[in-house]
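Undergrad: Here you go, upload-v7.txt (compact mmCIF, C-alpha atoms):
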```
# COMPACT_ATOMS: atom_id res chain seq x y z
CA MET A 1 0.00 0.00 0.00
CA SER A 2 1.38 3.43 -0.93
CA ALA A 3 2.18 5.84 1.85
CA GLY A 4 -0.52 8.42 2.43
CA PHE A 5 -1.46 10.93 5.06
CA VAL A 6 -0.53 9.89 8.58
CA PRO A 7 -2.21 12.07 11.22
CA PRO A 8 0.29 13.56 13.66
CA PRO A 9 -0.23 12.96 17.38
CA TYR A 10 -2.98 15.19 18.70
CA PRO A 11 -1.18 17.97 20.62
CA TYR A 12 -2.82 17.45 23.99
CA ASP A 13 -2.27 13.69 23.83
CA ARG A 14 1.41 14.48 24.13
CA LEU A 15 0.89 15.77 27.67
CA ASP A 16 0.44 12.33 29.24
CA GLU A 17 3.91 12.38 30.82
CA VAL A 18 3.43 15.84 32.31
CA THR A 19 -0.06 14.96 33.54
CA ALA A 20 1.28 11.84 35.26
CA ILE A 21 3.85 13.96 37.12
CA ALA A 22 1.12 16.40 38.20
CA ASN A 23 -1.22 13.60 39.26
CA ALA A 24 1.33 12.38 41.78
CA HIS A 25 0.29 15.24 44.05
CA ASP A 26 -2.35 14.70 46.70
CA GLY A 27 -5.49 16.08 45.06
CA GLY A 28 -4.25 15.35 41.55
CA ALA A 29 -3.41 17.54 38.61
CA VAL A 30 -4.64 21.10 38.20
CA ASP A 31 -5.12 21.00 34.45
CA LEU A 32 -4.58 24.41 32.86
CA SER A 33 -3.71 23.04 29.42
CA VAL A 34 -6.92 22.67 27.39
CA GLY A 35 -9.21 25.70 27.21
CA THR A 36 -12.23 23.77 28.48
CA PRO A 37 -14.71 25.91 30.47
CA CYS A 38 -15.29 24.71 34.04
CA ASP A 39 -18.18 26.98 35.00
CA PRO A 40 -21.88 26.20 34.46
CA ALA A 41 -24.00 27.38 31.58
CA PRO A 42 -27.23 29.19 32.59
CA ASP A 43 -29.93 26.90 33.98
CA ASP A 44 -32.52 27.82 31.33
CA VAL A 45 -30.02 27.07 28.56
CA ILE A 46 -29.41 23.58 29.97
CA ALA A 47 -33.15 23.03 30.46
CA ALA A 48 -33.79 23.80 26.78
CA LEU A 49 -31.71 20.75 25.82
CA SER A 50 -34.63 18.54 26.87
CA ALA A 51 -37.10 20.19 24.47
CA VAL A 52 -38.86 17.25 22.80
CA ASP A 53 -40.23 19.20 19.84
CA ALA A 54 -36.75 20.39 18.87
CA ALA A 55 -35.42 16.84 18.96
CA ARG A 56 -38.16 15.15 16.94
CA GLY A 57 -37.31 16.22 13.40
CA TYR A 58 -34.19 16.96 11.42
CA PRO A 59 -32.85 20.38 12.39
CA PRO A 60 -32.04 22.93 9.67
CA SER A 61 -28.38 22.80 8.75
CA ILE A 62 -28.22 26.58 8.34
CA GLY A 63 -29.80 27.16 11.76
CA THR A 64 -33.37 27.87 12.72
CA PRO A 65 -34.72 31.35 11.94
CA ALA A 66 -34.78 31.98 15.69
CA LEU A 67 -31.09 31.09 16.06
CA ARG A 68 -30.02 33.22 13.11
CA GLN A 69 -32.03 36.16 14.42
CA ALA A 70 -30.54 35.70 17.90
CA ALA A 71 -27.07 35.75 16.36
CA ALA A 72 -27.86 38.88 14.36
CA SER A 73 -29.25 40.62 17.44
CA TRP A 74 -26.18 39.68 19.47
CA ILE A 75 -23.83 40.95 16.74
CA ALA A 76 -25.66 44.28 16.72
CA ARG A 77 -26.04 44.58 20.51
CA ARG A 78 -22.59 43.46 21.64
CA LEU A 79 -20.31 43.96 18.64
CA GLY A 80 -21.78 47.03 16.98
CA ALA A 81 -22.18 45.52 13.52
CA THR A 82 -24.91 44.35 11.18
CA ALA A 83 -25.53 41.00 9.49
CA ASP A 84 -28.71 39.91 7.74
CA PRO A 85 -30.02 36.71 9.39
CA SER A 86 -31.70 35.57 6.18
CA THR A 87 -28.66 35.75 3.87
CA GLU A 88 -25.51 36.43 5.90
CA ILE A 89 -25.64 34.07 8.91
CA ALA A 90 -25.60 30.29 9.29
CA ALA A 91 -25.03 27.79 12.07
CA CYS A 92 -22.18 25.32 12.47
CA VAL A 93 -21.56 22.29 14.67
CA GLY A 94 -19.09 24.10 16.87
CA THR A 95 -16.49 26.23 15.15
CA LYS A 96 -13.60 23.75 15.22
CA GLU A 97 -15.21 21.63 12.52
CA PHE A 98 -15.91 24.80 10.54
CA VAL A 99 -12.28 25.93 10.76
CA ALA A 100 -11.06 22.48 9.76
CA SER A 101 -13.43 22.06 6.80
CA VAL A 102 -13.53 25.51 5.18
CA PRO A 103 -10.35 25.02 3.10
CA GLN A 104 -11.59 21.84 1.40
CA TYR A 105 -14.87 23.51 0.47
CA LEU A 106 -13.15 26.63 -0.84
CA LYS A 107 -10.72 24.50 -2.87
CA LEU A 108 -13.65 22.73 -4.53
CA ARG A 109 -15.02 26.12 -5.46
CA ASP A 110 -11.72 27.47 -6.84
CA PRO A 111 -9.23 24.71 -7.71
CA SER A 112 -6.82 27.32 -9.11
CA ARG A 113 -5.84 28.33 -5.58
CA ASP A 114 -4.10 26.06 -3.09
CA THR A 115 -2.92 28.11 -0.08
CA VAL A 116 -4.32 28.88 3.35
CA LEU A 117 -2.77 31.82 5.21
CA TYR A 118 -2.93 31.78 9.00
CA PRO A 119 -1.19 33.40 11.99
CA ALA A 120 2.17 31.71 12.57
CA VAL A 121 1.50 31.49 16.31
CA SER A 122 -2.04 30.23 16.60
CA TYR A 123 -4.70 27.61 17.23
CA PRO A 124 -3.40 24.51 15.39
CA THR A 125 -6.62 23.79 13.48
CA TYR A 126 -5.99 26.60 10.97
CA GLU A 127 -2.91 24.75 9.76
CA MET A 128 -4.50 21.32 10.04
CA GLY A 129 -7.54 22.42 8.03
CA ALA A 130 -5.20 23.34 5.18
CA ILE A 131 -3.35 20.02 5.44
CA LEU A 132 -6.59 18.00 5.44
CA ALA A 133 -7.65 19.83 2.27
CA GLY A 134 -4.34 19.04 0.55
CA CYS A 135 -3.42 22.73 0.58
CA ARG A 136 -0.28 24.67 1.40
CA ALA A 137 -0.39 26.03 4.95
CA VAL A 138 1.54 29.31 5.12
CA GLY A 139 1.94 31.08 8.44
CA TYR A 140 2.43 34.83 8.72
CA HIS A 141 3.50 37.16 11.51
CA ALA A 142 2.15 40.37 9.94
CA LEU A 143 0.03 41.12 6.89
CA SER A 144 2.93 43.08 5.43
CA ASP A 145 5.10 39.94 5.53
CA ILE A 146 2.88 37.91 3.20
CA GLU A 147 4.61 37.22 -0.11
CA ALA A 148 2.83 38.29 -3.29
CA ASP A 149 2.87 34.73 -4.66
CA ASP A 150 1.29 33.36 -1.48
CA ALA A 151 -1.43 36.01 -1.61
CA ALA A 152 -2.14 35.21 -5.28
CA ARG A 153 -2.54 31.51 -4.43
CA ALA A 154 -4.58 32.02 -1.25
CA LEU A 155 -8.01 30.46 -0.86
CA CYS A 156 -8.46 32.38 2.37
CA ILE A 157 -6.66 34.11 5.21
CA TRP A 158 -7.40 33.48 8.88
CA VAL A 159 -7.22 36.11 11.59
CA ASN A 160 -7.94 35.46 15.26
CA SER A 161 -8.71 38.25 17.70
CA PRO A 162 -8.45 38.03 20.66
CA ALA A 163 -5.84 35.46 19.76
CA ASN A 164 -5.26 31.98 21.06
CA PRO A 165 -2.68 31.49 22.60
CA THR A 166 -1.24 34.99 22.94
CA GLY A 167 -4.32 37.06 23.81
CA GLU A 168 -3.25 39.71 21.31
CA LEU A 169 -5.78 41.89 19.49
CA SER A 170 -5.54 42.15 15.71
CA ASP A 171 -6.28 45.16 13.54
CA LEU A 172 -9.43 43.73 11.96
CA ALA A 173 -9.96 46.78 9.76
CA ALA A 174 -6.51 46.25 8.27
CA ALA A 175 -7.25 42.56 7.74
CA ALA A 176 -10.49 43.35 5.90
CA ALA A 177 -8.71 45.90 3.73
CA TRP A 178 -5.87 43.46 2.95
CA GLY A 179 -8.30 40.74 1.92
CA ARG A 180 -10.31 43.04 -0.33
CA GLY A 181 -7.15 44.46 -1.84
CA HIS A 182 -5.84 40.98 -2.70
CA ASP A 183 -9.20 39.36 -3.54
CA VAL A 184 -8.74 36.86 -0.69
CA PRO A 185 -11.65 35.98 1.63
CA VAL A 186 -10.90 36.87 5.25
CA PHE A 187 -12.14 34.46 7.92
CA SER A 188 -12.05 36.10 11.33
CA ASP A 189 -12.17 33.71 14.29
CA GLU A 190 -13.71 35.78 17.08
CA CYS A 191 -14.68 33.12 19.62
CA TYR A 192 -13.10 35.12 22.48
CA ALA A 193 -14.68 38.44 21.49
CA GLU A 194 -16.59 38.82 24.77
CA PHE A 195 -13.35 38.40 26.74
CA THR A 196 -11.45 41.49 25.67
CA TRP A 197 -9.71 43.20 28.57
CA THR A 198 -8.25 46.39 27.08
CA ASP A 199 -11.32 47.47 25.09
CA GLY A 200 -14.86 46.38 24.32
CA PRO A 201 -15.75 43.43 22.08
CA THR A 202 -15.57 44.02 18.35
CA THR A 203 -15.80 42.19 15.03
CA ILE A 204 -14.48 42.40 11.50
CA LEU A 205 -18.12 42.89 10.44
CA ARG A 206 -17.83 46.52 11.51
CA GLU A 207 -15.99 46.94 8.21
CA GLY A 208 -19.00 45.60 6.29
CA THR A 209 -19.62 42.05 5.14
CA ALA A 210 -18.06 42.11 1.66
CA GLY A 211 -15.28 39.53 1.42
CA VAL A 212 -15.23 38.68 5.14
CA VAL A 213 -16.72 36.01 7.38
CA ALA A 214 -16.74 36.25 11.19
CA VAL A 215 -16.80 32.96 13.08
CA HIS A 216 -18.34 32.75 16.55
CA SER A 217 -18.78 30.00 19.11
CA LEU A 218 -20.90 29.55 22.22
CA SER A 219 -18.26 27.24 23.71
CA LYS A 220 -16.30 29.96 25.48
CA ARG A 221 -18.90 32.74 25.78
CA ASP A 222 -21.55 30.52 27.33
CA ASN A 223 -19.58 27.61 28.86
CA PHE A 224 -21.36 25.48 26.27
CA ALA A 225 -18.43 23.64 24.67
CA GLY A 226 -20.00 20.20 25.01
CA ALA A 227 -23.07 21.23 23.02
CA ARG A 228 -21.04 22.01 19.87
CA ILE A 229 -22.77 25.08 18.47
CA GLY A 230 -21.53 28.20 16.71
CA PHE A 231 -22.28 30.34 13.70
CA TYR A 232 -20.60 32.21 10.89
CA ALA A 233 -21.66 35.56 9.47
CA GLY A 234 -20.56 37.81 6.65
CA ASP A 235 -20.31 37.95 2.87
CA SER A 236 -23.64 36.74 1.47
CA ASP A 237 -22.06 34.92 -1.48
CA LEU A 238 -19.57 33.05 0.72
CA VAL A 239 -22.20 32.27 3.36
CA HIS A 240 -24.62 31.00 0.70
CA TYR A 241 -21.97 28.74 -0.83
CA LEU A 242 -20.89 27.31 2.52
CA ARG A 243 -24.50 26.85 3.61
CA GLU A 244 -25.26 24.78 0.52
CA VAL A 245 -22.16 22.57 0.56
CA ARG A 246 -22.50 21.97 4.29
CA LYS A 247 -26.10 20.81 3.80
CA HIS A 248 -24.77 18.07 1.50
CA ALA A 249 -22.21 17.10 4.13
CA GLY A 250 -24.98 16.58 6.69
CA LEU A 251 -23.61 19.19 9.10
CA MET A 252 -26.62 19.92 11.33
CA PRO A 253 -26.42 21.29 14.87
CA PRO A 254 -28.93 19.30 16.96
CA GLY A 255 -32.35 20.90 17.33
CA PRO A 256 -32.36 21.16 21.13
CA VAL A 257 -28.89 22.70 21.03
CA GLN A 258 -30.11 25.35 18.58
CA ALA A 259 -33.04 26.13 20.88
CA ALA A 260 -30.70 26.45 23.86
CA ALA A 261 -28.36 28.69 21.88
CA VAL A 262 -31.18 31.17 21.26
CA LEU A 263 -31.56 31.62 25.01
CA ALA A 264 -27.82 31.85 25.59
CA LEU A 265 -27.26 34.52 22.95
CA GLY A 266 -30.05 36.63 24.42
CA ASP A 267 -28.54 36.66 27.92
CA ASP A 268 -25.62 39.04 28.51
CA ALA A 269 -25.70 38.97 32.32
CA HIS A 270 -24.13 35.52 32.64
CA VAL A 271 -21.36 36.59 30.28
CA GLU A 272 -20.50 39.59 32.44
CA ARG A 273 -20.22 37.28 35.43
CA GLN A 274 -17.97 34.98 33.44
CA ARG A 275 -15.78 37.91 32.39
CA ASP A 276 -15.21 38.74 36.05
CA ARG A 277 -14.31 35.14 36.84
CA TYR A 278 -11.77 34.87 34.06
CA LEU A 279 -10.10 38.18 34.80
CA THR A 280 -9.85 37.32 38.49
CA ARG A 281 -8.32 33.95 37.66
CA LEU A 282 -5.87 35.43 35.18
CA ARG A 283 -4.62 37.89 37.77
CA ARG A 284 -4.26 35.19 40.41
CA LEU A 285 -2.48 32.80 38.05
CA ARG A 286 -0.13 35.58 37.04
CA GLU A 287 0.75 36.10 40.72
CA ILE A 288 1.31 32.38 41.25
CA LEU A 289 3.47 31.94 38.16
CA THR A 290 5.53 35.06 38.85
CA THR A 291 6.30 33.85 42.36
CA ALA A 292 7.24 30.45 40.92
CA GLY A 293 9.76 32.12 38.60
CA TYR A 294 7.62 32.42 35.46
CA PRO A 295 6.57 36.07 35.08
CA ALA A 296 3.97 36.88 32.42
CA ASP A 297 1.94 39.85 31.25
CA LEU A 298 -1.83 39.93 31.43
CA PRO A 299 -3.29 39.41 27.94
CA GLN A 300 -5.26 41.95 25.93
CA GLY A 301 -7.99 39.36 25.52
CA ALA A 302 -9.00 35.68 25.87
CA PHE A 303 -8.36 33.71 29.06
CA TYR A 304 -4.80 32.51 28.60
CA LEU A 305 -1.43 33.58 29.93
CA TRP A 306 1.32 33.32 27.30
CA VAL A 307 4.44 32.78 29.35
CA PRO A 308 8.10 32.99 28.23
CA ALA A 309 9.95 29.82 29.20
CA PRO A 310 13.28 30.45 30.95
CA GLY A 311 16.05 29.34 28.61
CA GLY A 312 13.48 28.86 25.85
CA ASP A 313 12.58 25.32 26.97
CA ALA A 314 8.81 25.12 27.40
CA TRP A 315 8.78 21.38 28.06
CA LEU A 316 11.27 21.81 30.90
CA ALA A 317 9.03 24.51 32.38
CA ALA A 318 5.95 22.28 32.00
CA ARG A 319 7.64 19.42 33.87
CA ASP A 320 8.86 21.80 36.58
CA LEU A 321 5.38 23.23 37.21
CA ALA A 322 3.88 19.74 37.22
CA LYS A 323 6.43 18.54 39.78
CA ARG A 324 6.30 21.58 42.06
CA ALA A 325 2.63 22.56 41.87
CA GLY A 326 0.76 19.82 40.04
CA ILE A 327 -0.06 22.30 37.27
CA VAL A 328 -0.41 21.08 33.67
CA VAL A 329 0.30 23.69 30.98
CA SER A 330 0.59 23.59 27.19
CA PRO A 331 4.07 23.90 25.64
CA GLY A 332 4.13 26.56 22.97
CA GLU A 333 5.09 24.28 20.09
CA PHE A 334 1.44 23.14 20.07
CA TYR A 335 0.71 26.56 18.50
CA GLY A 336 3.43 26.59 15.87
CA ALA A 337 7.17 26.08 15.55
CA ASP A 338 7.79 29.79 16.14
CA SER A 339 6.36 29.60 19.67
CA ALA A 340 8.36 26.75 21.20
CA ASP A 341 9.93 29.13 23.73
CA HIS A 342 6.61 29.93 25.47
CA PHE A 343 3.88 27.97 27.23
CA ARG A 344 0.16 28.62 27.59
CA VAL A 345 -1.79 28.64 30.84
CA ALA A 346 -5.60 28.50 30.63
CA ALA A 347 -7.67 30.07 33.43
CA VAL A 348 -10.15 27.20 33.31
CA GLN A 349 -10.03 25.65 36.77
CA PRO A 350 -12.26 26.68 39.69
CA ASP A 351 -10.72 29.05 42.21
CA GLU A 352 -10.28 26.32 44.80
CA ARG A 353 -8.19 24.24 42.36
CA ILE A 354 -6.03 27.23 41.52
CA GLU A 355 -5.53 27.85 45.24
CA LEU A 356 -4.55 24.19 45.68
CA ALA A 357 -1.72 24.76 43.21
CA ALA A 358 -0.73 27.92 45.06
CA ALA A 359 -0.63 26.04 48.37
CA ARG A 360 1.72 23.47 46.88
CA LEU A 361 4.09 26.33 46.17
CA SER A 362 3.60 27.58 49.75
CA LEU A 363 1.97 30.78 48.46
```
Mind turning this structure into structure tokens?
TA:
Amino acid sequence: MSAGFVPPPYPYDRLDEVTAIANAHDGGAVDLSVGTPCDPAPDDVIAALSAVDAARGYPPSIGTPALRQAAASWIARRLGATADPSTEIAACVGTKEFVASVPQYLKLRDPSRDTVLYPAVSYPTYEMGAILAGCRAVGYHALSDIEADDAARALCIWVNSPANPTGELSDLAAAAAWGRGHDVPVFSDECYAEFTWTDGPTTILREGTAGVVAVHSLSKRDNFAGARIGFYAGDSDLVHYLREVRKHAGLMPPGPVQAAAVLALGDDAHVERQRDRYLTRLRRLREILTTAGYPADLPQGAFYLWVPAPGGDAWLAARDLAKRAGIVVSPGEFYGADSADHFRVAAVQPDERIELAAARLSL
């Protein structure tokens, strides 16, 4: 049999050794590696998951009218932009599958292009989506660094703001202008938009919808990661194409999940409470890490600390924190070869677990 694609080890599966070291502590590991929410979703959102009527029939792949309207209202209310729920918004089964599948669908549409541009330090699924589509994955540090040939071959460019893992905020207006100037669709992953610490939440859709698609998830905003629900909004031609091809792929968010998402998107109060939790945890984790010899800056957004590893060895730092405090962190190479000298710390454990780690360091 000829050699074909061999999937690389999933990044977080590589943490077994570090997790075993951390688990040796009384009370076990304090896992700050995966960005999995630990706090509850609102009670009425969870209750909606038992709605029998929503479970009986096949749910609409593009999202119910109520879900698309809820998304449009949230975009207007929280992000200060406009998207038409009838032509410019559609649902997805969580945004990870959307990120991973977009390149293959765009390549079918335009076989003359073969490149996906993405931030060089970033969520690994941007690169993996390109690889799974048989495309070139080309990382960039700044829009001005992108080579003309890569731009000419690009199916799309990804931006992520606030960014995972760094927490940095991107100039979304500049990204929209770059995409329009180079005739390259801009996909803006904005799943951390509600958790922006230096300014209010924003979206690339403030620049208009032509040539851009904003991608949003309820996983982080609403502590609803297990439900797998998100949506994309923007250019009507792109949204229409993706809606239609995704129907054929059978990508349908479950009906009860769509009903629950309507309630979640209409409730801002629980998000404000979650913002306070994350910011409090980030500040406490920064104190703990600084005292342990790993100083870090607070991020501009998202709920991660992006920490320089002393001597540039993130794996050594991960083992040290696991041994001393039972903390599990993510070595930076998970987010690209250019970030191997940092590690990521996710503020996703309850306060009492974070304080357990602090006590192990005698803090």
Undergrad: Please determine, counting all atoms listed in the file, which residue among A:Ala41, A:Ala296, A:Leu15, A:Leu356 has the shortest atom-to-atom distance to Ser219 (chain A).
TA: A:Ala41
Undergrad: Tell me, in Å to one decimal, how far CA of Pro8 (chain A) is from CA of Val30 (chain A).
TA: 26.1 Å
Undergrad: I'd like to know which of A:Asp150, A:Asp237, A:Asp16, A:Asp341 is closest to Trp306 (chain A), using all atoms listed in the file.
TA: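 Comparing A:Asp150, A:Asp237, A:Asp16, A:Asp341 against Trp306 (chain A), the winner is A:Asp341.
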Undergrad: Would you mind reading off the distance between CA of Arg286 (chain A) and CA of Ala120 (chain A), one decimal, in Å?
TA: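 Distance reported for this atom pair: 24.9 Å.
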Undergrad: In Å, with one decimal, what is the gap from CA of Ser236 (chain A) to CA of Gly179 (chain A)?
TA: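 Computing it gives 15.9 Å between the two atoms.
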Undergrad: Quick one: of A:Val93, A:Ala359, A:Ala174, A:Leu132, who's nearest to His25 (chain A), counting only C-alpha atoms?
TA: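 Between A:Val93, A:Ala359, A:Ala174, A:Leu132, the residue approaching His25 (chain A) most closely is A:Ala359.
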Undergrad: Looking at all atoms listed in the file, which of A:Gln274, A:Asn223, A:Ser217, A:Ser73 is the one that sits closest to Lys96 (chain A)?
TA: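 Checking each candidate against Lys96 (chain A), we get A:Ser217 as the closest.
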Undergrad: Between A:Arg68, A:Arg283, A:Arg228, A:Lys323, which one has atoms that come closest to Glu88 (chain A), using all atoms listed in the file?
TA: A:Arg68
Undergrad: Need the shell around Gln69 (chain A): protein/DNA/RNA residues with any atom at most 10 Å away, counting all atoms listed in the file. Skip same-chain ones fewer than 5 positions apart. Format as a PyMOL selection string?
TA: chain A and resi 63-64+74-75+83-86+89+262+265
Undergrad: Can you spit out the residues from that selection as a short mmCIF file (atom, residue, chain, number, x, y, z; two decimals), in the coordinates of the input, using C-alpha atoms?
TA:
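Listed below is the output, again25.cif:
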```cif
data_model
loop_
_atom_site.label_atom_id
_atom_site.label_comp_id
_atom_site.auth_asym_id
_atom_site.auth_seq_id
_atom_site.Cartn_x
_atom_site.Cartn_y
_atom_site.Cartn_z
CA GLY A 63 -29.80 27.16 11.76
CA THR A 64 -33.37 27.87 12.72
CA TRP A 74 -26.18 39.68 19.47
CA ILE A 75 -23.83 40.95 16.74
CA ALA A 83 -25.53 41.00 9.49
CA ASP A 84 -28.71 39.91 7.74
CA PRO A 85 -30.02 36.71 9.39
CA SER A 86 -31.70 35.57 6.18
CA ILE A 89 -25.64 34.07 8.91
CA VAL A 262 -31.18 31.17 21.26
CA LEU A 265 -27.26 34.52 22.95
#
```
Undergrad: Can you list, as number ranges by chain, every protein, DNA or RNA residue that comes within 12 Å of Ile131 (chain A) when you count all atoms listed in the file, leaving out same-chain residues fewer than 5 positions away?
TA: A: 5-8, 99-104, 107, 114-117, 124-126, 136-138
Undergrad: Report as JSON lines the residues of region 39-130 of chain A within 6 Å of region 251-256 of chain A, each with its shortest atom pair and distance in Å (one decimal), using only C-alpha atoms, ordered by chain and increasing residue number.
TA:
```
{"residue": "A:Leu49", "atom": "CA", "partner": "A:Pro256", "partner_atom": "CA", "distance": 4.8}
{"residue": "A:Ala51", "atom": "CA", "partner": "A:Pro256", "partner_atom": "CA", "distance": 5.9}
{"residue": "A:Ala54", "atom": "CA", "partner": "A:Gly255", "partner_atom": "CA", "distance": 4.7}
{"residue": "A:Ala55", "atom": "CA", "partner": "A:Gly255", "partner_atom": "CA", "distance": 5.3}
{"residue": "A:Pro59", "atom": "CA", "partner": "A:Gly255", "partner_atom": "CA", "distance": 5.0}
{"residue": "A:Ser61", "atom": "CA", "partner": "A:Met252", "partner_atom": "CA", "distance": 4.2}
{"residue": "A:Val93", "atom": "CA", "partner": "A:Pro253", "partner_atom": "CA", "distance": 5.0}
```
Undergrad: Reconstruct N, CA and C atoms of region 27-47 of chain A from the incomplete input and present them as a PDB file, keeping the file's coordinate frame.
TA:
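The file below, result18.pdb, is the result:
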```pdb
ATOM      1  N   GLY A  27      -4.484  15.201  45.674  1.00  0.00           N
ATOM      2  CA  GLY A  27      -5.490  16.080  45.060  1.00  0.00           C
ATOM      3  C   GLY A  27      -5.407  16.094  43.553  1.00  0.00           C
ATOM      4  N   GLY A  28      -4.349  15.497  42.988  1.00  0.00           N
ATOM      5  CA  GLY A  28      -4.250  15.350  41.550  1.00  0.00           C
ATOM      6  C   GLY A  28      -3.840  16.591  40.800  1.00  0.00           C
ATOM      7  N   ALA A  29      -3.857  16.467  39.490  1.00  0.00           N
ATOM      8  CA  ALA A  29      -3.410  17.540  38.610  1.00  0.00           C
ATOM      9  C   ALA A  29      -4.400  18.700  38.596  1.00  0.00           C
ATOM     10  N   VAL A  30      -3.856  19.895  38.480  1.00  0.00           N
ATOM     11  CA  VAL A  30      -4.640  21.100  38.200  1.00  0.00           C
ATOM     12  C   VAL A  30      -4.398  21.405  36.737  1.00  0.00           C
ATOM     13  N   ASP A  31      -5.338  20.984  35.896  1.00  0.00           N
ATOM     14  CA  ASP A  31      -5.120  21.000  34.450  1.00  0.00           C
ATOM     15  C   ASP A  31      -5.459  22.364  33.856  1.00  0.00           C
ATOM     16  N   LEU A  32      -4.430  23.093  33.470  1.00  0.00           N
ATOM     17  CA  LEU A  32      -4.580  24.410  32.860  1.00  0.00           C
ATOM     18  C   LEU A  32      -4.099  24.362  31.408  1.00  0.00           C
ATOM     19  N   SER A  33      -4.211  23.206  30.783  1.00  0.00           N
ATOM     20  CA  SER A  33      -3.710  23.040  29.420  1.00  0.00           C
ATOM     21  C   SER A  33      -4.788  23.303  28.374  1.00  0.00           C
ATOM     22  N   VAL A  34      -5.850  22.518  28.379  1.00  0.00           N
ATOM     23  CA  VAL A  34      -6.920  22.670  27.390  1.00  0.00           C
ATOM     24  C   VAL A  34      -7.871  23.775  27.829  1.00  0.00           C
ATOM     25  N   GLY A  35      -8.323  24.590  26.877  1.00  0.00           N
ATOM     26  CA  GLY A  35      -9.210  25.700  27.210  1.00  0.00           C
ATOM     27  C   GLY A  35     -10.650  25.281  27.389  1.00  0.00           C
ATOM     28  N   THR A  36     -10.888  24.306  28.246  1.00  0.00           N
ATOM     29  CA  THR A  36     -12.230  23.770  28.480  1.00  0.00           C
ATOM     30  C   THR A  36     -12.906  24.524  29.619  1.00  0.00           C
ATOM     31  N   PRO A  37     -14.036  25.193  29.380  1.00  0.00           N
ATOM     32  CA  PRO A  37     -14.710  25.910  30.470  1.00  0.00           C
ATOM     33  C   PRO A  37     -15.069  24.986  31.618  1.00  0.00           C
ATOM     34  N   CYS A  38     -14.959  25.504  32.838  1.00  0.00           N
ATOM     35  CA  CYS A  38     -15.290  24.710  34.040  1.00  0.00           C
ATOM     36  C   CYS A  38     -16.528  25.231  34.734  1.00  0.00           C
ATOM     37  N   ASP A  39     -17.050  26.358  34.320  1.00  0.00           N
ATOM     38  CA  ASP A  39     -18.180  26.980  35.000  1.00  0.00           C
ATOM     39  C   ASP A  39     -19.489  26.592  34.317  1.00  0.00           C
ATOM     40  N   PRO A  40     -20.608  26.679  35.024  1.00  0.00           N
ATOM     41  CA  PRO A  40     -21.880  26.200  34.460  1.00  0.00           C
ATOM     42  C   PRO A  40     -22.469  27.166  33.440  1.00  0.00           C
ATOM     43  N   ALA A  41     -23.157  26.586  32.471  1.00  0.00           N
ATOM     44  CA  ALA A  41     -24.000  27.380  31.580  1.00  0.00           C
ATOM     45  C   ALA A  41     -25.266  27.766  32.339  1.00  0.00           C
ATOM     46  N   PRO A  42     -25.986  28.797  31.900  1.00  0.00           N
ATOM     47  CA  PRO A  42     -27.230  29.190  32.590  1.00  0.00           C
ATOM     48  C   PRO A  42     -28.227  28.039  32.659  1.00  0.00           C
ATOM     49  N   ASP A  43     -28.988  27.998  33.755  1.00  0.00           N
ATOM     50  CA  ASP A  43     -29.930  26.900  33.980  1.00  0.00           C
ATOM     51  C   ASP A  43     -30.954  26.776  32.858  1.00  0.00           C
ATOM     52  N   ASP A  44     -31.484  27.911  32.360  1.00  0.00           N
ATOM     53  CA  ASP A  44     -32.520  27.820  31.330  1.00  0.00           C
ATOM     54  C   ASP A  44     -31.944  27.314  30.018  1.00  0.00           C
ATOM     55  N   VAL A  45     -30.676  27.578  29.776  1.00  0.00           N
ATOM     56  CA  VAL A  45     -30.020  27.070  28.560  1.00  0.00           C
ATOM     57  C   VAL A  45     -29.915  25.552  28.640  1.00  0.00           C
ATOM     58  N   ILE A  46     -29.515  25.031  29.792  1.00  0.00           N
ATOM     59  CA  ILE A  46     -29.410  23.580  29.970  1.00  0.00           C
ATOM     60  C   ILE A  46     -30.796  22.937  29.887  1.00  0.00           C
ATOM     61  N   ALA A  47     -31.796  23.582  30.479  1.00  0.00           N
ATOM     62  CA  ALA A  47     -33.150  23.030  30.460  1.00  0.00           C
ATOM     63  C   ALA A  47     -33.680  22.898  29.031  1.00  0.00           C
TER      64      ALA A  47
END
```
